[in-house]
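**Q** Structure in structure tokens, see below.
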Amino acid sequence: MTEQKFIKKIKIRIIFSALIMLAGVAILLLPKENLADLVSGYRYGVAGGLLGAGFATMVNNIMFLKNEKIRQKEFIKQTDERNILISEKALRLSWLITLLLLGITPLFAPVEAAQPLLCIMGISVFSYAVAYWILQKKM
Amino acid sequence: MTIKTRIAELRKPIKVTQAELADAIDVTRQTIISLETGRYIASLPLAYKIAKFFGKTIEEVFIFGEDE
């Protein structure tokens, strides 16, 4: 990745963070009549999370855009092939652990709890197969 | 296959620090440390960049060996 492409990526991230914040505000503005406490709390949590994450992403990326020295450091940090490999390996490992837990938990859980877990497991394996198939065509 | 690098050996006579080499080829210093200690194997583009930095060929910087 060149630095020009990185600057473009930063600008896209700023726009994306603004959209995330807007989504947070939109969730806060949703009608609240006849809403269970749990759902209402969940909504506030998601909205707060989106606002916080969007704001933090926006501030960080504006800083990268304005300060060349910090941007250069971040560019190296994000494009360093060892960092990318570590991140991919960590993702792979966490996915495998999640899959393992999704497979083991239903053995000890009631049927109603086991069904969604097995469904999530099925979706992950299916999406892996689809992603593998697409990437195989591309590479 | 084993791969050994001569990065540290080539770096010292020209007094280039790990940080300076890292900056020159756009990687982190940690990557240089991992390459020098053999914990990480560079990709072909990175190997090319490193070799180019020292004015050598990839084979002169990275020594390829067969596993016994």
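Labels used: A, B, ... for chains in the order of the structure tokens, numbers from 1 for residues in each chain, and numbers from 1 for ligands as shown.
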Give me the residues within 12 Å of B:Gly55 as a compact mmCIF listing (two decimals) with N, CA and C atoms, in the first residue's frame, counting only C-alpha atoms and dropping any in the same chain fewer than 5 places off.
**A**
# COMPACT_ATOMS: atom_id res chain seq x y z
N LEU B 10 25.20 -7.82 8.02
CA LEU B 10 25.36 -6.79 6.98
C LEU B 10 25.13 -5.38 7.53
N ARG B 11 24.31 -5.30 8.55
CA ARG B 11 23.91 -4.01 9.14
C ARG B 11 25.04 -3.38 9.95
N ILE B 14 28.08 -1.19 8.33
CA ILE B 14 27.69 0.13 7.79
C ILE B 14 26.97 0.97 8.85
N TYR B 48 13.12 -8.75 -0.94
CA TYR B 48 13.67 -7.96 -2.05
C TYR B 48 14.06 -6.55 -1.57
N LYS B 49 13.16 -5.95 -0.76
CA LYS B 49 13.43 -4.61 -0.22
C LYS B 49 14.70 -4.61 0.64
N ILE B 50 14.84 -5.62 1.48
CA ILE B 50 16.00 -5.71 2.37
C ILE B 50 17.28 -5.89 1.56
N GLU B 60 22.09 -13.52 -1.21
CA GLU B 60 23.24 -13.07 -0.41
C GLU B 60 22.81 -12.66 1.01
N VAL B 61 21.54 -12.30 1.15
CA VAL B 61 21.04 -11.87 2.47
C VAL B 61 20.35 -13.02 3.20
**Q** Starting from chain B, keep only residues with some atom at most 10 Å from an atom of chain A, counting only C-alpha atoms, and report them as a count of residues only.
**A** 17
**Q** A:Ser94, A:Ala129, A:Asn60, A:Leu100: which is nearest A:Ile14, counting only C-alpha atoms?
**A**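 Of the candidates, the smallest distance to A:Ile14 is held by A:Asn60.
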**Q** Identify, on the basis of only C-alpha atoms, every residue whose closest approach to stretch 3-5 of chain A does not exceed 10 Å; exclude the query and any residue fewer than 2 positions from it along the same chain; express the result as an MDAnalysis selection string.
**A** chainID A and resid 1 7:11 71:72 75:76
**Q** Give the strand (DSSP E) residues of chain B, as DSSP finds them on the backbone, and put them as a list in words.
**A**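 So, restricting chain B to strand (DSSP E), we get Thr2, Ile3, Lys4, Thr5, Phe62, Ile63, Phe64 and Gly65 of chain B.
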**Q** Grab the atom CA of A:Gly54 to atom CA of A:Arg92 distance for me, in Å with one decimal place.
**A** 25.9 Å
